[in-house]
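Undergrad: My structure is in input.csv, and what it holds is CSV, C-alpha atoms:
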chain,number,residue,atom,x,y,z
A,1,MET,CA,87.6,121.6,95.5
A,2,LEU,CA,89.6,124.2,93.7
A,3,TYR,CA,91.8,121.9,91.6
A,4,ARG,CA,92.1,118.1,91.3
A,5,GLU,CA,94.0,115.7,89.0
A,6,SER,CA,94.4,112.0,89.3
A,7,GLY,CA,97.7,110.3,89.2
A,8,SER,CA,96.3,107.7,86.8
A,9,SER,CA,93.0,106.5,85.2
A,10,TRP,CA,91.6,103.1,85.9
A,11,TRP,CA,91.5,102.0,82.2
A,12,PRO,CA,94.8,100.0,82.4
A,13,LEU,CA,92.8,97.4,84.3
A,14,LEU,CA,91.5,96.3,80.9
A,15,TRP,CA,95.0,95.3,79.8
A,16,GLY,CA,95.1,92.0,81.7
A,17,PRO,CA,91.8,90.6,80.3
A,18,ALA,CA,92.6,91.9,76.8
A,19,PHE,CA,96.0,90.1,76.8
A,20,ALA,CA,94.4,87.0,78.2
A,21,VAL,CA,91.7,86.9,75.5
A,22,ALA,CA,94.3,87.6,72.8
A,23,GLY,CA,96.5,84.8,74.1
A,24,TYR,CA,93.5,82.4,74.3
A,25,LEU,CA,92.5,83.2,70.8
A,26,VAL,CA,96.0,82.7,69.4
A,27,GLU,CA,96.2,79.4,71.3
A,28,LEU,CA,92.8,78.4,70.1
A,29,ILE,CA,93.8,79.0,66.4
A,30,THR,CA,97.1,77.0,66.8
A,31,GLY,CA,95.7,74.1,68.7
A,32,PRO,CA,93.8,73.2,72.0
A,33,ALA,CA,93.3,76.1,74.3
A,34,SER,CA,93.1,76.1,78.1
A,35,VAL,CA,90.3,78.4,79.4
A,36,GLY,CA,91.5,77.9,83.0
A,37,LEU,CA,95.1,78.9,82.3
A,38,TRP,CA,94.1,82.0,80.4
A,39,THR,CA,91.7,83.0,83.2
A,40,ILE,CA,94.4,82.7,85.7
A,41,VAL,CA,96.8,84.8,83.5
A,42,GLY,CA,94.1,87.4,83.0
A,43,LEU,CA,93.4,87.6,86.8
A,44,GLY,CA,97.1,87.8,87.5
A,45,LEU,CA,97.7,90.6,85.0
A,46,THR,CA,94.7,92.5,86.3
A,47,LEU,CA,95.9,92.2,89.9
A,48,GLY,CA,99.2,93.6,88.9
A,49,ALA,CA,97.5,96.5,87.1
A,50,VAL,CA,95.3,97.2,90.1
A,51,LEU,CA,98.4,97.5,92.3
A,52,TRP,CA,100.2,99.7,89.7
A,53,VAL,CA,97.2,102.0,89.2
A,54,TYR,CA,96.5,102.3,92.9
A,55,GLY,CA,100.1,103.3,93.5
A,56,ARG,CA,100.0,105.9,90.8
A,57,VAL,CA,96.8,107.3,92.1
A,58,LYS,CA,98.2,107.6,95.6
A,59,THR,CA,101.6,109.1,94.7
A,60,GLY,CA,100.6,111.1,91.6
A,61,SER,CA,97.4,112.8,92.5
A,62,VAL,CA,97.1,116.6,93.2
A,63,THR,CA,94.2,118.1,95.2
A,64,LEU,CA,93.7,121.7,96.2
A,65,THR,CA,91.0,122.9,98.6
A,66,ALA,CA,90.6,126.2,100.5
A,67,GLU,CA,92.3,124.6,103.5
A,68,GLU,CA,95.0,122.3,102.1
A,69,ALA,CA,97.1,121.3,99.0
A,70,GLN,CA,97.9,117.7,98.6
A,71,PHE,CA,100.7,116.5,96.3
A,72,GLY,CA,100.9,112.7,96.2
A,73,ARG,CA,101.0,111.6,99.8
A,74,GLU,CA,102.0,114.9,101.3
A,75,LYS,CA,99.5,117.5,102.6
A,76,LEU,CA,100.4,121.1,103.0
A,77,PRO,CA,98.1,123.6,104.7
A,78,VAL,CA,97.3,126.5,102.4
A,79,ALA,CA,97.9,128.8,105.4
A,80,MET,CA,101.6,127.9,105.2
A,81,ILE,CA,102.0,129.1,101.6
A,82,GLU,CA,103.2,132.7,101.5
A,83,ALA,CA,103.4,133.2,97.7
A,84,CYS,CA,102.7,131.4,94.5
A,85,ARG,CA,103.5,134.3,92.1
A,86,ASP,CA,106.9,135.3,90.9
A,87,VAL,CA,108.6,132.6,93.0
A,88,GLY,CA,111.8,131.2,91.4
A,89,ALA,CA,112.8,127.6,91.8
A,90,PRO,CA,116.2,127.4,93.4
A,91,THR,CA,118.4,124.4,92.7
A,92,GLY,CA,117.8,121.6,95.2
A,93,ALA,CA,114.3,122.8,96.2
A,94,ARG,CA,112.4,120.1,98.0
A,95,VAL,CA,109.7,118.4,95.9
A,96,LEU,CA,106.4,118.0,97.6
A,97,GLY,CA,105.1,114.4,97.7
A,98,GLY,CA,108.3,112.8,98.6
A,99,GLY,CA,110.0,112.3,95.2
A,100,TRP,CA,113.4,113.3,94.1
A,101,SER,CA,112.0,115.2,91.2
A,102,VAL,CA,108.5,116.2,89.9
A,103,PRO,CA,106.6,113.3,88.4
A,104,LYS,CA,107.1,112.6,84.7
A,105,GLY,CA,104.6,114.5,82.6
A,106,THR,CA,104.1,117.3,85.2
A,107,THR,CA,105.5,120.8,85.5
A,108,ALA,CA,107.0,122.2,88.7
A,109,VAL,CA,105.1,125.0,90.5
A,110,PRO,CA,107.4,126.8,93.0
A,111,LEU,CA,105.7,127.8,96.2
A,112,ARG,CA,107.3,130.1,98.9
A,113,LEU,CA,106.3,129.1,102.4
A,114,LEU,CA,106.0,131.4,105.5
A,115,ASP,CA,109.4,130.4,106.7
A,116,GLY,CA,111.0,131.6,103.4
A,117,THR,CA,111.8,128.2,102.0
A,118,VAL,CA,110.8,127.4,98.5
A,119,VAL,CA,109.2,124.0,97.7
A,120,LEU,CA,108.1,122.5,94.4
A,121,GLY,CA,104.5,121.6,93.9
A,122,TRP,CA,103.6,120.1,90.5
A,123,ALA,CA,100.7,119.5,88.1
A,124,ARG,CA,100.0,118.4,84.6
A,125,ASP,CA,98.1,121.7,84.1
A,126,PRO,CA,100.2,124.2,86.2
A,127,GLU,CA,98.2,127.2,85.0
A,128,ALA,CA,95.0,125.7,86.4
A,129,LEU,CA,96.7,124.8,89.7
A,130,LEU,CA,98.1,128.4,90.0
A,131,ALA,CA,94.7,129.8,89.3
A,132,GLY,CA,93.3,127.8,92.2
A,133,LEU,CA,96.2,128.8,94.4
A,134,ARG,CA,95.7,132.5,93.6
A,135,ARG,CA,92.2,132.2,94.9
A,136,VAL,CA,93.4,131.2,98.4
A,137,VAL,CA,96.9,132.5,98.7
A,138,ARG,CA,97.5,136.3,99.0
A,139,GLY,CA,101.0,136.5,97.6
Output the file's structure in the form of structure tokens.

TA:
Amino acid sequence: MLYRESGSSWWPLLWGPAFAVAGYLVELITGPASVGLWTIVGLGLTLGAVLWVYGRVKTGSVTLTAEEAQFGREKLPVAMIEACRDVGAPTGARVLGGGWSVPKGTTAVPLRLLDGTVVLGWARDPEALLAGLRRVVRG
């Protein structure tokens, strides 16, 4: 593993139970409180957070090994990358991972492929990704 970043952490799973406990305490202060209702609310919010975090992890993760680079759901063999240094990003370059633009909070990393096309990889720490790419790409 030369570089890895997760699309999201799992701590947002605590939001649902925290909101449910806060709601229960407010209701308890103002009158009778329903433990069952707030349990269902907490579970529902947690389920929503699980789906959201899982989606972010799947679509926003970056992994680089000696054999392949993965941006979101798209895998690119490292052997297909011709250069990662001094590559300009032309307007309209395809973004790896299937998005219209690089994910929010990340920086584009232009990569020239063997066929001459330029694609945009991305990372929160582009220098660390480029350092890993320089170890396995000649150009």

Undergrad: Of the residues A:Val109, A:Cys84, A:Leu43, A:Ala69, which is the one nearest to Trp122 of chain A, using only C-alpha atoms?

TA: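 Nearest candidate to Trp122 of chain A out of A:Val109, A:Cys84, A:Leu43, A:Ala69: A:Val109.
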
Undergrad: Determine the nearest neighbour of Phe19 of chain A from the options A:Ser34, A:Thr39, A:Thr117, A:Thr107, counting all atoms listed in the file.

TA: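 Checking each of A:Ser34, A:Thr39, A:Thr117, A:Thr107 against Phe19 of chain A, counting all atoms listed in the file, the winner is A:Thr39.
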
Undergrad: Atom CA of Glu68 of chain A to atom CA of Val118 of chain A: how many Å, to one decimal?

TA: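 Going from atom CA of Glu68 of chain A over to atom CA of Val118 of chain A, I get 17.0 Å.
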
Undergrad: Return as AutoDock Vina command-line options the centre and edge lengths, in Å with one decimal, of the box along x, y and z that encloses every atom of segment 55-59 of chain A in the file, padded by 6 Å per side.

TA:
--center_x 99.2 --center_y 106.2 --center_z 93.2 --size_x 16.8 --size_y 17.8 --size_z 16.8

Undergrad: Would you please work out which residue, of A:Gly132, A:Leu111, A:Val119, A:Glu67, is nearest to Gly92 of chain A when using only C-alpha atoms?

TA: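 Nearest to Gly92 of chain A: A:Val119.
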
Undergrad: Give me, please, the distance in Å between atom CA of Gly98 of chain A and atom CA of Leu129 of chain A, quoted to one decimal.

TA: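 It comes out at 18.9 Å.
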
Undergrad: Just want the 12 Å neighbourhood of Gly72 of chain A, counted on only C-alpha atoms, with same-chain residues fewer than 6 positions away dropped. Output as a ChimeraX atom specification.

TA: /A:4-8,54-64,95-99,102-103,121-123

Undergrad: Which residue gives the smallest distance to Val78 of chain A among A:Trp38, A:Leu45, A:Val137, A:Leu51, with all atoms listed in the file counted?

TA: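 Ranking A:Trp38, A:Leu45, A:Val137, A:Leu51 by distance to Val78 of chain A, first place goes to A:Val137.
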
Undergrad: Have a look at atom CA of Arg85 of chain A and atom CA of Leu113 of chain A and let me know their distance in Å, one decimal.

TA: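 Interatomic distance here is 11.9 Å.
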
Undergrad: Point out the residue among A:Pro17, A:Phe71, A:Gly36, A:Thr65 with the least atom-to-atom distance to Gly48 of chain A, counting all atoms listed in the file.

TA: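 So, comparing all the options, the nearest one is A:Pro17.
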
Undergrad: Restricting the calculation to only C-alpha atoms: of A:Asp125, A:Trp15, A:Leu120, A:Val53, which residue gets closest to Gly105 of chain A?

TA: A:Asp125

Undergrad: Compile the contact shell of Leu114 of chain A as a list of chain:residue names: residues with an atom at most 9 Å away, counting only C-alpha atoms, same-chain residues fewer than 3 positions apart removed.

TA: A:Ala79, A:Met80, A:Ile81, A:Glu82, A:Ala83, A:Thr117
